[in-house]
$ cat model-v5.txt   # compact mmCIF, C-alpha atoms
# COMPACT_ATOMS: atom_id res chain seq x y z
CA MET L 1 -12.40 -46.37 -40.91
CA ILE L 2 -15.07 -43.79 -41.74
CA ARG L 3 -15.40 -42.90 -38.05
CA PHE L 4 -11.61 -42.39 -37.80
CA ARG L 5 -11.66 -40.06 -40.83
CA ILE L 6 -14.49 -38.03 -39.31
CA LEU L 7 -12.62 -37.66 -36.01
CA PHE L 8 -9.39 -36.73 -37.83
CA PHE L 9 -11.23 -34.13 -39.94
CA SER L 10 -12.90 -32.73 -36.80
CA ALA L 11 -9.53 -32.44 -35.04
CA ARG L 12 -8.03 -30.59 -38.04
CA MET L 13 -11.00 -28.21 -38.07
CA ASN L 14 -10.52 -27.46 -34.35
CA VAL L 15 -6.82 -26.75 -34.87
CA ALA L 16 -7.61 -24.42 -37.76
CA LYS L 17 -10.21 -22.55 -35.77
CA SER L 18 -8.20 -22.28 -32.59
CA GLY L 19 -6.55 -18.90 -32.15
CA TYR L 20 -6.92 -15.82 -30.02
CA ARG L 21 -8.64 -12.51 -30.23
CA VAL L 22 -8.26 -9.36 -28.14
CA PHE L 23 -11.33 -7.33 -27.24
CA SER L 24 -11.87 -4.13 -25.29
CA ALA L 25 -14.84 -4.04 -22.94
CA ASN L 26 -14.87 -0.26 -22.51
CA SER L 27 -17.60 2.00 -23.83
CA THR L 28 -15.48 5.18 -23.71
CA ALA L 29 -12.78 6.02 -26.24
CA ALA L 30 -10.23 7.14 -23.63
CA CYS L 31 -10.30 3.70 -22.01
CA THR L 32 -9.52 1.84 -25.25
CA GLU L 33 -6.12 3.51 -25.73
CA LEU L 34 -4.27 0.88 -23.72
CA ALA L 35 -6.02 -1.92 -25.64
CA LYS L 36 -4.93 -0.35 -28.94
CA LYS L 37 -1.32 -0.12 -27.79
CA ILE L 38 -1.34 -3.76 -26.68
CA THR L 39 -2.79 -5.01 -29.99
CA GLU L 40 -0.25 -2.93 -31.94
CA ARG L 41 2.58 -4.63 -30.04
CA LEU L 42 1.01 -8.04 -30.65
CA GLY L 43 0.51 -7.34 -34.36
CA VAL L 44 -3.21 -8.19 -34.24
CA GLU L 45 -6.39 -6.23 -34.75
CA LEU L 46 -8.64 -5.27 -31.88
CA GLY L 47 -11.74 -7.47 -31.89
CA LYS L 48 -14.85 -6.00 -33.45
CA SER L 49 -17.45 -5.29 -30.81
CA VAL L 50 -19.72 -2.49 -29.65
CA VAL L 51 -20.09 -1.65 -25.97
CA TYR L 52 -22.45 1.15 -25.05
CA GLN L 53 -24.90 2.44 -22.44
CA GLU L 54 -28.54 2.73 -23.36
CA SER L 55 -30.65 5.71 -22.35
CA ASN L 56 -31.68 3.95 -19.13
CA ARG L 57 -27.97 3.28 -18.33
CA GLU L 58 -28.21 -0.44 -19.09
CA THR L 59 -25.05 -1.93 -20.61
CA ARG L 60 -25.29 -3.54 -24.02
CA VAL L 61 -22.57 -5.54 -25.79
CA ASP L 62 -22.64 -6.69 -29.42
CA VAL L 63 -19.83 -8.96 -30.64
CA LYS L 64 -19.40 -8.36 -34.38
CA GLU L 65 -17.31 -11.41 -35.34
CA SER L 66 -17.12 -15.13 -34.70
CA VAL L 67 -15.18 -16.25 -31.62
CA ARG L 68 -16.14 -19.93 -31.68
CA GLY L 69 -13.39 -22.15 -30.33
CA GLN L 70 -10.97 -19.25 -29.76
CA THR L 71 -9.16 -17.96 -26.69
CA ILE L 72 -10.38 -14.45 -25.92
CA PHE L 73 -8.50 -11.77 -24.01
CA ILE L 74 -10.73 -8.99 -22.66
CA ILE L 75 -8.83 -5.81 -21.82
CA GLN L 76 -10.70 -3.70 -19.31
CA THR L 77 -9.24 -0.48 -17.97
CA ILE L 78 -11.16 1.05 -15.10
CA PRO L 79 -12.30 4.69 -15.45
CA ARG L 80 -13.88 6.78 -12.72
CA ASP L 81 -17.22 5.03 -13.20
CA VAL L 82 -16.00 1.79 -11.64
CA ASN L 83 -19.32 -0.03 -11.39
CA THR L 84 -20.17 0.57 -15.04
CA ALA L 85 -16.76 -0.81 -16.06
CA ILE L 86 -17.34 -3.94 -13.99
CA MET L 87 -20.75 -4.46 -15.58
CA GLU L 88 -19.27 -4.00 -19.05
CA LEU L 89 -16.68 -6.68 -18.29
CA LEU L 90 -19.27 -9.13 -16.96
CA VAL L 91 -21.66 -8.59 -19.89
CA MET L 92 -18.79 -8.92 -22.39
CA ALA L 93 -17.66 -12.17 -20.77
CA TYR L 94 -21.20 -13.50 -20.87
CA ALA L 95 -21.62 -12.51 -24.54
CA LEU L 96 -18.38 -14.27 -25.48
CA LYS L 97 -19.27 -17.32 -23.42
CA THR L 98 -22.61 -17.69 -25.17
CA SER L 99 -20.80 -17.21 -28.50
CA CYS L 100 -18.83 -20.43 -27.80
CA ALA L 101 -15.46 -18.91 -26.96
CA LYS L 102 -13.06 -21.58 -25.76
CA ASN L 103 -11.34 -19.61 -22.96
CA ILE L 104 -11.96 -16.10 -21.67
CA ILE L 105 -9.00 -14.35 -20.03
CA GLY L 106 -9.43 -10.99 -18.35
CA VAL L 107 -6.67 -8.38 -18.66
CA ILE L 108 -7.49 -5.97 -15.83
CA PRO L 109 -4.39 -3.83 -15.17
CA TYR L 110 -6.00 -2.08 -12.20
CA PHE L 111 -8.23 -4.45 -10.25
CA PRO L 112 -11.11 -2.44 -8.76
CA TYR L 113 -12.22 -2.69 -5.14
CA SER L 114 -8.74 -3.98 -4.25
CA LYS L 115 -8.64 -1.71 -1.20
CA GLN L 116 -11.73 -3.46 0.16
CA CYS L 117 -9.90 -6.74 0.70
CA LYS L 118 -10.17 -6.90 4.51
CA MET L 119 -13.11 -7.24 6.85
CA ARG L 120 -13.83 -4.03 8.75
CA LYS L 121 -16.42 -4.21 11.52
CA ARG L 122 -19.77 -4.99 9.88
CA GLY L 123 -18.53 -4.35 6.35
CA SER L 124 -17.78 -6.89 3.65
CA ILE L 125 -14.84 -8.06 1.58
CA VAL L 126 -16.05 -6.66 -1.73
CA CYS L 127 -12.88 -7.73 -3.55
CA LYS L 128 -13.76 -11.37 -2.83
CA LEU L 129 -17.29 -10.80 -4.14
CA LEU L 130 -15.92 -9.36 -7.39
CA ALA L 131 -13.53 -12.30 -7.80
CA SER L 132 -16.48 -14.71 -7.46
CA MET L 133 -18.55 -12.74 -9.97
CA LEU L 134 -15.77 -12.88 -12.56
CA ALA L 135 -15.31 -16.62 -12.03
CA LYS L 136 -19.01 -17.27 -12.61
CA ALA L 137 -19.74 -14.80 -15.41
CA GLY L 138 -21.62 -16.44 -18.26
CA ASN L 139 -22.97 -19.39 -16.26
CA SER L 140 -26.50 -18.37 -15.38
CA LEU L 141 -27.94 -21.85 -15.98
CA LEU L 142 -25.18 -23.51 -14.00
CA LEU L 143 -25.68 -21.08 -11.11
CA PHE L 144 -29.40 -21.84 -11.21
CA LEU L 145 -28.70 -25.56 -10.99
CA GLN L 146 -26.24 -24.94 -8.19
CA SER L 147 -28.88 -23.04 -6.23
CA LEU L 148 -31.33 -25.91 -6.72
CA PHE L 149 -28.97 -28.67 -5.65
CA SER L 150 -26.84 -26.66 -3.16
CA SER L 151 -23.70 -28.07 -4.70
CA SER L 152 -20.71 -26.79 -6.63
CA LEU L 153 -20.88 -29.83 -8.92
CA PHE L 154 -22.30 -27.78 -11.79
CA LEU L 155 -20.02 -24.78 -11.42
CA LEU L 156 -17.82 -24.07 -14.43
CA PRO L 157 -15.63 -20.99 -14.79
CA GLY L 158 -16.61 -17.81 -16.63
CA LEU L 159 -13.21 -16.17 -16.81
CA THR L 160 -10.48 -18.81 -16.71
CA HIS L 161 -7.48 -16.58 -16.04
CA ILE L 162 -6.71 -12.98 -15.07
CA ILE L 163 -3.74 -10.77 -15.86
CA THR L 164 -3.46 -7.79 -13.54
CA MET L 165 -0.78 -5.48 -12.20
CA ASP L 166 0.34 -4.56 -8.68
CA LEU L 167 -2.61 -5.76 -6.63
CA HIS L 168 -3.08 -3.65 -3.52
CA GLN L 169 -2.46 -6.78 -1.43
CA LYS L 170 -0.86 -9.87 -2.95
CA GLU L 171 -3.13 -12.08 -0.85
CA ILE L 172 -6.02 -11.03 -3.13
CA GLN L 173 -4.84 -13.75 -5.53
CA GLY L 174 -6.22 -16.27 -3.03
CA PHE L 175 -9.76 -14.96 -3.65
CA PHE L 176 -9.77 -16.50 -7.13
CA SER L 177 -10.44 -20.10 -8.10
CA PHE L 178 -8.34 -19.77 -11.28
CA PRO L 179 -4.80 -18.54 -12.10
CA VAL L 180 -3.93 -14.88 -11.53
CA ASP L 181 -0.76 -13.32 -12.97
CA ASN L 182 0.06 -10.27 -10.86
CA LEU L 183 2.57 -8.38 -13.01
CA ARG L 184 4.83 -5.63 -11.64
CA ALA L 185 5.22 -2.07 -12.88
CA SER L 186 8.33 -1.40 -10.77
CA PRO L 187 10.85 -2.17 -13.60
CA PHE L 188 9.28 0.62 -15.69
CA LEU L 189 9.20 3.08 -12.79
CA LEU L 190 12.78 2.24 -11.82
CA GLN L 191 13.85 2.85 -15.42
CA TYR L 192 12.05 6.21 -15.36
CA ILE L 193 13.92 7.23 -12.21
CA GLN L 194 17.27 6.30 -13.74
CA GLU L 195 16.62 8.04 -17.05
CA GLU L 196 14.37 11.00 -16.23
CA VAL L 197 15.22 12.12 -12.69
CA PRO L 198 18.29 14.40 -12.82
CA ASP L 199 20.98 13.47 -10.29
CA TYR L 200 18.93 10.53 -9.01
CA ARG L 201 22.00 9.28 -7.13
CA ASN L 202 21.30 12.10 -4.67
CA ALA L 203 17.76 10.84 -4.10
CA ILE L 204 16.23 9.02 -1.16
CA ILE L 205 13.25 6.66 -1.38
CA VAL L 206 10.43 7.56 1.00
CA ALA L 207 7.64 5.37 2.35
CA LYS L 208 4.57 7.50 3.05
CA SER L 209 3.58 5.16 5.88
CA PRO L 210 5.06 2.09 7.61
CA SER L 211 2.74 -0.14 5.55
CA ALA L 212 4.51 1.05 2.37
CA ALA L 213 7.98 0.41 3.77
CA LYS L 214 8.50 -2.94 2.02
CA ARG L 215 7.76 -1.47 -1.39
CA ALA L 216 10.03 1.51 -0.69
CA GLN L 217 12.79 -0.79 0.56
CA SER L 218 12.60 -2.78 -2.68
CA TYR L 219 13.10 0.42 -4.73
CA ALA L 220 15.92 1.64 -2.47
CA GLU L 221 17.83 -1.65 -2.69
CA ARG L 222 17.56 -1.85 -6.46
CA LEU L 223 18.65 1.76 -6.96
CA ARG L 224 21.30 1.55 -4.19
CA LEU L 225 19.72 4.54 -2.44
CA GLY L 226 18.81 5.42 1.13
CA LEU L 227 15.40 4.83 2.71
CA ALA L 228 13.20 7.10 4.83
CA VAL L 229 9.88 6.19 6.45
CA MET L 230 7.14 8.62 7.47
CA HIS L 231 5.05 7.86 10.52
CA GLY L 232 2.05 9.52 12.14
CA GLU L 233 -0.79 11.62 10.79
CA ALA L 234 -1.60 15.27 10.24
CA GLN L 235 -3.02 16.88 13.36
CA CYS L 236 -6.42 18.56 13.19
CA SER L 237 -6.70 22.25 13.93
CA GLU L 238 -8.81 23.54 16.83
CA SER L 239 -11.57 24.63 14.46
CA ASP L 240 -11.86 21.05 13.16
CA MET L 241 -12.03 19.66 16.68
CA ALA L 242 -14.78 22.06 17.83
CA ASP L 243 -17.58 20.96 15.50
CA GLY L 244 -18.55 17.91 17.56
CA ARG L 245 -17.55 15.26 15.01
CA HIS L 246 -14.89 13.91 17.39
CA SER L 247 -17.17 13.85 20.42
CA PRO L 248 -17.53 10.46 22.14
CA PRO L 249 -20.77 8.61 21.46
CA CYS L 250 -23.44 8.20 24.11
CA VAL L 251 -22.38 5.50 26.55
CA ARG L 252 -24.70 2.52 26.77
CA ASN L 253 -24.55 -0.36 29.17
CA THR L 254 -22.84 -3.04 27.08
CA SER L 255 -21.34 -5.06 29.92
CA GLY L 256 -21.20 -8.79 29.55
CA HIS L 257 -21.58 -11.48 32.17
CA PRO L 258 -21.37 -10.00 35.70
CA GLY L 259 -18.49 -12.26 36.64
CA LEU L 260 -16.54 -11.70 33.41
CA GLU L 261 -14.05 -8.84 33.22
CA LEU L 262 -12.16 -8.64 29.93
CA PRO L 263 -9.06 -6.44 29.63
CA LEU L 264 -9.81 -3.19 27.82
CA MET L 265 -7.96 -2.61 24.56
CA MET L 266 -6.28 0.79 24.62
CA ALA L 267 -7.23 3.13 21.75
CA LYS L 268 -4.55 3.95 19.19
CA GLU L 269 -3.25 7.49 19.08
CA LYS L 270 -0.93 8.37 16.23
CA PRO L 271 1.70 11.04 16.81
CA PRO L 272 2.23 14.02 14.45
CA ILE L 273 3.94 13.15 11.17
CA THR L 274 7.62 12.41 11.66
CA VAL L 275 10.30 11.32 9.21
CA VAL L 276 12.67 8.49 10.12
CA GLY L 277 15.70 9.20 7.94
CA ASP L 278 17.64 12.21 6.69
CA VAL L 279 16.11 13.89 3.62
CA GLY L 280 17.96 17.20 3.93
CA GLY L 281 19.47 18.36 0.63
CA ARG L 282 18.12 15.28 -1.17
CA ILE L 283 15.57 14.44 -3.86
CA ALA L 284 12.65 12.70 -2.11
CA ILE L 285 10.89 9.97 -4.13
CA ILE L 286 7.67 8.71 -2.52
CA VAL L 287 6.58 5.31 -3.87
CA ASP L 288 3.17 3.66 -3.55
CA ASP L 289 0.85 1.42 -5.54
CA ILE L 290 -2.20 3.71 -5.82
CA ILE L 291 -2.56 7.48 -5.83
CA ASP L 292 -6.20 8.47 -5.56
CA ASP L 293 -7.07 11.17 -3.02
CA VAL L 294 -3.85 13.11 -2.81
CA GLU L 295 -4.27 14.92 0.51
CA ASP L 296 -1.91 12.49 2.27
CA PHE L 297 0.71 12.90 -0.46
CA VAL L 298 0.44 16.69 -0.32
CA ALA L 299 0.85 16.66 3.48
CA ALA L 300 3.85 14.33 3.16
CA ALA L 301 5.42 16.63 0.56
CA GLU L 302 5.05 19.62 2.89
CA ILE L 303 6.78 17.76 5.71
CA LEU L 304 9.61 16.64 3.40
CA LYS L 305 10.09 20.23 2.21
CA GLU L 306 10.32 21.40 5.81
CA ARG L 307 12.93 18.70 6.45
CA GLY L 308 15.12 20.00 3.62
CA ALA L 309 14.21 17.95 0.54
CA TYR L 310 14.64 20.20 -2.51
CA LYS L 311 12.65 18.10 -5.01
CA ILE L 312 9.75 15.73 -4.45
CA TYR L 313 8.56 13.00 -6.83
CA ILE L 314 5.58 10.68 -6.42
CA MET L 315 5.79 7.25 -8.09
CA ALA L 316 2.71 5.03 -8.26
CA THR L 317 1.43 2.26 -10.48
CA HIS L 318 -2.24 3.26 -10.61
CA GLY L 319 -3.07 6.94 -11.01
CA LEU L 320 -6.76 7.19 -10.15
CA LEU L 321 -6.40 10.90 -9.28
CA SER L 322 -9.99 11.38 -8.19
CA ALA L 323 -11.87 14.56 -7.32
CA ASP L 324 -9.63 17.66 -7.08
CA ALA L 325 -6.37 15.71 -7.26
CA PRO L 326 -4.93 17.60 -10.30
CA ARG L 327 -5.56 21.00 -8.70
CA LEU L 328 -4.13 19.94 -5.34
CA ILE L 329 -1.02 18.53 -7.00
CA GLU L 330 -0.52 21.69 -9.05
CA GLU L 331 -0.73 23.89 -5.94
CA SER L 332 1.43 21.63 -3.75
CA ALA L 333 5.15 21.25 -3.14
CA ILE L 334 5.17 18.12 -5.31
CA ASP L 335 7.39 18.56 -8.38
CA GLU L 336 6.23 15.55 -10.40
CA VAL L 337 3.74 12.68 -10.19
CA VAL L 338 4.66 9.63 -12.27
CA VAL L 339 2.03 6.94 -12.88
CA THR L 340 1.51 4.19 -15.45
CA ASN L 341 -1.30 3.98 -18.00
CA THR L 342 -3.17 1.17 -16.23
CA VAL L 343 -5.89 3.77 -15.59
CA PRO L 344 -6.80 6.47 -18.16
CA HIS L 345 -5.93 9.96 -16.86
CA GLU L 346 -5.55 12.14 -19.94
CA VAL L 347 -8.03 14.71 -18.61
CA GLN L 348 -6.08 15.02 -15.35
CA LYS L 349 -2.84 15.55 -17.32
CA LEU L 350 -4.42 18.48 -19.16
CA GLN L 351 -5.36 20.01 -15.81
CA CYS L 352 -1.94 19.43 -14.24
CA PRO L 353 1.30 19.30 -16.29
CA LYS L 354 3.12 17.80 -13.30
CA ILE L 355 1.51 14.41 -14.05
CA LYS L 356 3.65 12.13 -16.24
CA THR L 357 2.80 8.73 -17.72
CA VAL L 358 4.84 5.55 -18.13
CA ASP L 359 3.61 3.04 -20.72
CA VAL L 360 3.31 -0.57 -19.50
CA SER L 361 1.62 -2.03 -22.60
CA MET L 362 4.82 -3.91 -23.43
CA ILE L 363 4.65 -6.28 -20.46
CA LEU L 364 0.88 -6.78 -20.83
CA ALA L 365 1.29 -7.68 -24.51
CA GLU L 366 4.11 -10.09 -23.69
CA ALA L 367 1.97 -11.75 -21.01
CA ILE L 368 -0.85 -12.28 -23.53
CA ARG L 369 1.56 -13.72 -26.09
CA ARG L 370 3.11 -16.13 -23.59
CA ILE L 371 -0.22 -17.35 -22.23
CA HIS L 372 -1.57 -17.97 -25.72
CA ASN L 373 1.59 -19.87 -26.79
CA GLY L 374 1.72 -21.86 -23.56
CA GLU L 375 5.12 -20.40 -22.63
CA SER L 376 6.40 -19.89 -19.11
CA MET L 377 5.62 -16.59 -17.40
CA ALA L 378 8.79 -16.80 -15.29
CA TYR L 379 10.62 -14.41 -17.65
CA LEU L 380 8.24 -11.60 -16.63
CA PHE L 381 9.00 -12.18 -12.95
CA ARG L 382 12.79 -12.16 -13.09
CA ASN L 383 14.36 -10.95 -9.84
CA ILE L 384 10.89 -10.39 -8.36
CA THR L 385 10.79 -11.38 -4.68
CA VAL L 386 7.88 -12.01 -2.34
CA ASP L 387 8.14 -8.51 -0.87
CA ASP L 388 8.04 -6.75 -4.28
$ encode --input "model-v5.txt" --output "structure tokens"
Amino acid sequence: MIRFRILFFSARMNVAKSGYRVFSANSTAACTELAKKITERLGVELGKSVVYQESNRETRVDVKESVRGQTIFIIQTIPRDVNTAIMELLVMAYALKTSCAKNIIGVIPYFPYSKQCKMRKRGSIVCKLLASMLAKAGNSLLLFLQSLFSSSLFLLPGLTHIITMDLHQKEIQGFFSFPVDNLRASPFLLQYIQEEVPDYRNAIIVAKSPSAAKRAQSYAERLRLGLAVMHGEAQCSESDMADGRHSPPCVRNTSGHPGLELPLMMAKEKPPITVVGDVGGRIAIIVDDIIDDVEDFVAAAEILKERGAYKIYIMATHGLLSADAPRLIEESAIDEVVVTNTVPHEVQKLQCPKIKTVDVSMILAEAIRRIHNGESMAYLFRNITVDD
């Protein structure tokens, strides 16, 4: 009877302690803005922690409150210093794990290294490496035992779940050994087009390359608009071709077995940029998932202008806008660049007033609420198809 009372009391204590907290793993103030908006929508306070870089650039994390037995959501937006942000996330997960957090769920709206998700020659699939690091964060002892016994018997998860948005390739979800909720920003961008683009019925959705055609087709079908696809690449001038960078390498004897003659694969040669579809007298809306180096977008805008488009919009989920992107956009034929706040870009907006932001904190907050309450996530994926 005494043992039953002890177990019952222990169960009540666990129920009382169970809850959830939301932390930000960023050390810069600009990167915590999204976390603050999410916690405001949830009606909770942002978890008390300090994340900072020491003088030797080592990352230090101090959790300032108890997280024992609680489900923790770590919101990590990725600034320009990608590797520091990743280290902050890993150290934060480890600190929470050693503080006896029950579950650790990463909210990573823009998943870094997502473009490095395919093997290229002698490269590596860095996105897979990062997925493994997140799964094992906070399990140093278990990893040590695994290395001793060459077995996955001792492997327990670090992060147990990830919420992200518009992965560069949906197949990236297969890199993880735990659930991944890949939310979509397209409903917010579609709403922006309907409400903020004047005369959007006279617009045409443009895919910057054939690889972006599925995404563009999804937008076109939902808005009941036409579709155009751009193909080819900008041709180099004679001055670019004369510096020797395009010269063929020295030929070495790399023949195989004397009696073996394999068919030679012909080299690809892309034609000059062409547009499949009529954009004359229309508003051209180029859609993509990431806008980083904008040279391709600027070149596409010039071609669309030549073909008769009188206004050009760029719609993308993640606005990395690296290097001289704000200046190039300001000087280009692009009229407006619309991105979400998955990545902080306030500095770029000050440099270029053409950059506009769409807030997606609503769907991220709802995802956190549903996961914590054990509710279905299907509501957040209404009318989402495989190609979206």
$ residues_around --input "model-v5.txt" --residues "segment 379-384 of chain L" --least-positions-apart "2" --cutoff "8 Å" --atoms "all atoms listed in the file" --output "ChimeraX atom specification"
/L:183-184,363,367,376-377,386,388
$ residues_around --input "model-v5.txt" --residues "Thr59 of chain L" --least-positions-apart "6" --cutoff "7 Å" --atoms "all atoms listed in the file" --output "VMD selection string"
chain L and resid 52 to 53 88
$ residues_around --input "model-v5.txt" --residues "Arg80 of chain L" --least-positions-apart "4" --cutoff "12 Å" --atoms "only C-alpha atoms" --output "list of chain:residue names"
L:Thr28, L:Ala30, L:Cys31, L:Thr84, L:Ala85, L:Ile86, L:Tyr110, L:Pro112, L:Asp292, L:Gly319, L:Leu320, L:Leu321, L:Ser322, L:Ala323, L:Val343, L:Pro344, L:His345, L:Val347, L:Gln348
$ write_last_selection --input "model-v5.txt" --atoms "C-alpha atoms" --output "CSV table (one decimal), in the frame of the given file"
chain,number,residue,atom,x,y,z
L,28,THR,CA,-15.5,5.2,-23.7
L,30,ALA,CA,-10.2,7.1,-23.6
L,31,CYS,CA,-10.3,3.7,-22.0
L,84,THR,CA,-20.2,0.6,-15.0
L,85,ALA,CA,-16.8,-0.8,-16.1
L,86,ILE,CA,-17.3,-3.9,-14.0
L,110,TYR,CA,-6.0,-2.1,-12.2
L,112,PRO,CA,-11.1,-2.4,-8.8
L,292,ASP,CA,-6.2,8.5,-5.6
L,319,GLY,CA,-3.1,6.9,-11.0
L,320,LEU,CA,-6.8,7.2,-10.2
L,321,LEU,CA,-6.4,10.9,-9.3
L,322,SER,CA,-10.0,11.4,-8.2
L,323,ALA,CA,-11.9,14.6,-7.3
L,343,VAL,CA,-5.9,3.8,-15.6
L,344,PRO,CA,-6.8,6.5,-18.2
L,345,HIS,CA,-5.9,10.0,-16.9
L,347,VAL,CA,-8.0,14.7,-18.6
L,348,GLN,CA,-6.1,15.0,-15.4
$ residues_near_point --input "model-v5.txt" --point "(4.9, 9.3, 7.8)" --cutoff "6 Å" --atoms "all atoms listed in the file" --output "list in words"
Lys208, Ser209, Met230, His231, Gly232, Ile273, Thr274 and Val275 of chain L
$ residues_around --input "model-v5.txt" --residues "Ala301 of chain L" --least-positions-apart "3" --cutoff "8 Å" --atoms "only C-alpha atoms" --output "ChimeraX atom specification"
/L:297-298,304-305,312,332-334
$ write_last_selection --input "model-v5.txt" --atoms "C-alpha atoms" --output "PDB file, keeping the file's coordinate frame"
ATOM      1  CA  PHE L 297       0.710  12.900  -0.460  1.00  0.00           C
ATOM      2  CA  VAL L 298       0.440  16.690  -0.320  1.00  0.00           C
ATOM      3  CA  LEU L 304       9.610  16.640   3.400  1.00  0.00           C
ATOM      4  CA  LYS L 305      10.090  20.230   2.210  1.00  0.00           C
ATOM      5  CA  ILE L 312       9.750  15.730  -4.450  1.00  0.00           C
ATOM      6  CA  SER L 332       1.430  21.630  -3.750  1.00  0.00           C
ATOM      7  CA  ALA L 333       5.150  21.250  -3.140  1.00  0.00           C
ATOM      8  CA  ILE L 334       5.170  18.120  -5.310  1.00  0.00           C
TER       9      ILE L 334
END
$ decode --input "model-v5.txt" --residues "segment 73-126 of chain L" --atoms "C-alpha atoms" --output "compact mmCIF listing (two decimals), in the first residue's frame"
# COMPACT_ATOMS: atom_id res chain seq x y z
CA PHE L 73 11.44 23.90 -28.21
CA ILE L 74 14.67 25.53 -29.43
CA ILE L 75 14.09 28.22 -32.05
CA GLN L 76 17.18 28.78 -34.15
CA THR L 77 17.17 31.23 -37.03
CA ILE L 78 20.26 31.13 -39.20
CA PRO L 79 22.18 34.39 -39.75
CA ARG L 80 25.07 34.88 -42.15
CA ASP L 81 27.46 33.14 -39.75
CA VAL L 82 25.96 29.71 -40.40
CA ASN L 83 28.55 27.60 -38.60
CA THR L 84 28.30 29.63 -35.40
CA ALA L 85 24.51 29.24 -35.44
CA ILE L 86 24.84 25.47 -35.82
CA MET L 87 27.28 25.31 -32.90
CA GLU L 88 24.93 27.42 -30.76
CA LEU L 89 22.10 24.99 -31.50
CA LEU L 90 24.20 21.93 -30.66
CA VAL L 91 25.57 23.42 -27.43
CA MET L 92 22.07 24.55 -26.39
CA ALA L 93 20.67 21.06 -27.04
CA TYR L 94 23.49 19.52 -25.03
CA ALA L 95 22.95 21.96 -22.13
CA LEU L 96 19.23 21.17 -22.04
CA LYS L 97 19.86 17.45 -22.31
CA THR L 98 22.21 17.50 -19.34
CA SER L 99 19.63 19.60 -17.46
CA CYS L 100 17.19 16.65 -17.69
CA ALA L 101 14.83 18.03 -20.32
CA LYS L 102 12.31 15.39 -21.35
CA ASN L 103 12.19 16.12 -25.11
CA ILE L 104 14.14 18.61 -27.20
CA ILE L 105 12.48 19.79 -30.41
CA GLY L 106 14.33 22.01 -32.86
CA VAL L 107 12.45 24.78 -34.66
CA ILE L 108 14.77 25.60 -37.57
CA PRO L 109 12.76 27.58 -40.15
CA TYR L 110 15.66 27.66 -42.62
CA PHE L 111 17.66 24.43 -42.49
CA PRO L 112 21.30 25.24 -43.29
CA TYR L 113 23.40 23.30 -45.79
CA SER L 114 20.19 22.16 -47.49
CA LYS L 115 21.71 22.86 -50.91
CA GLN L 116 24.46 20.35 -50.15
CA CYS L 117 22.08 17.39 -50.18
CA LYS L 118 23.50 15.56 -53.20
CA MET L 119 26.83 13.89 -53.84
CA ARG L 120 28.98 15.84 -56.29
CA LYS L 121 32.17 14.17 -57.50
CA ARG L 122 34.47 13.81 -54.47
CA GLY L 123 32.38 16.07 -52.25
CA SER L 124 30.13 15.07 -49.38
CA ILE L 125 26.47 15.27 -48.43
CA VAL L 126 26.89 17.83 -45.65
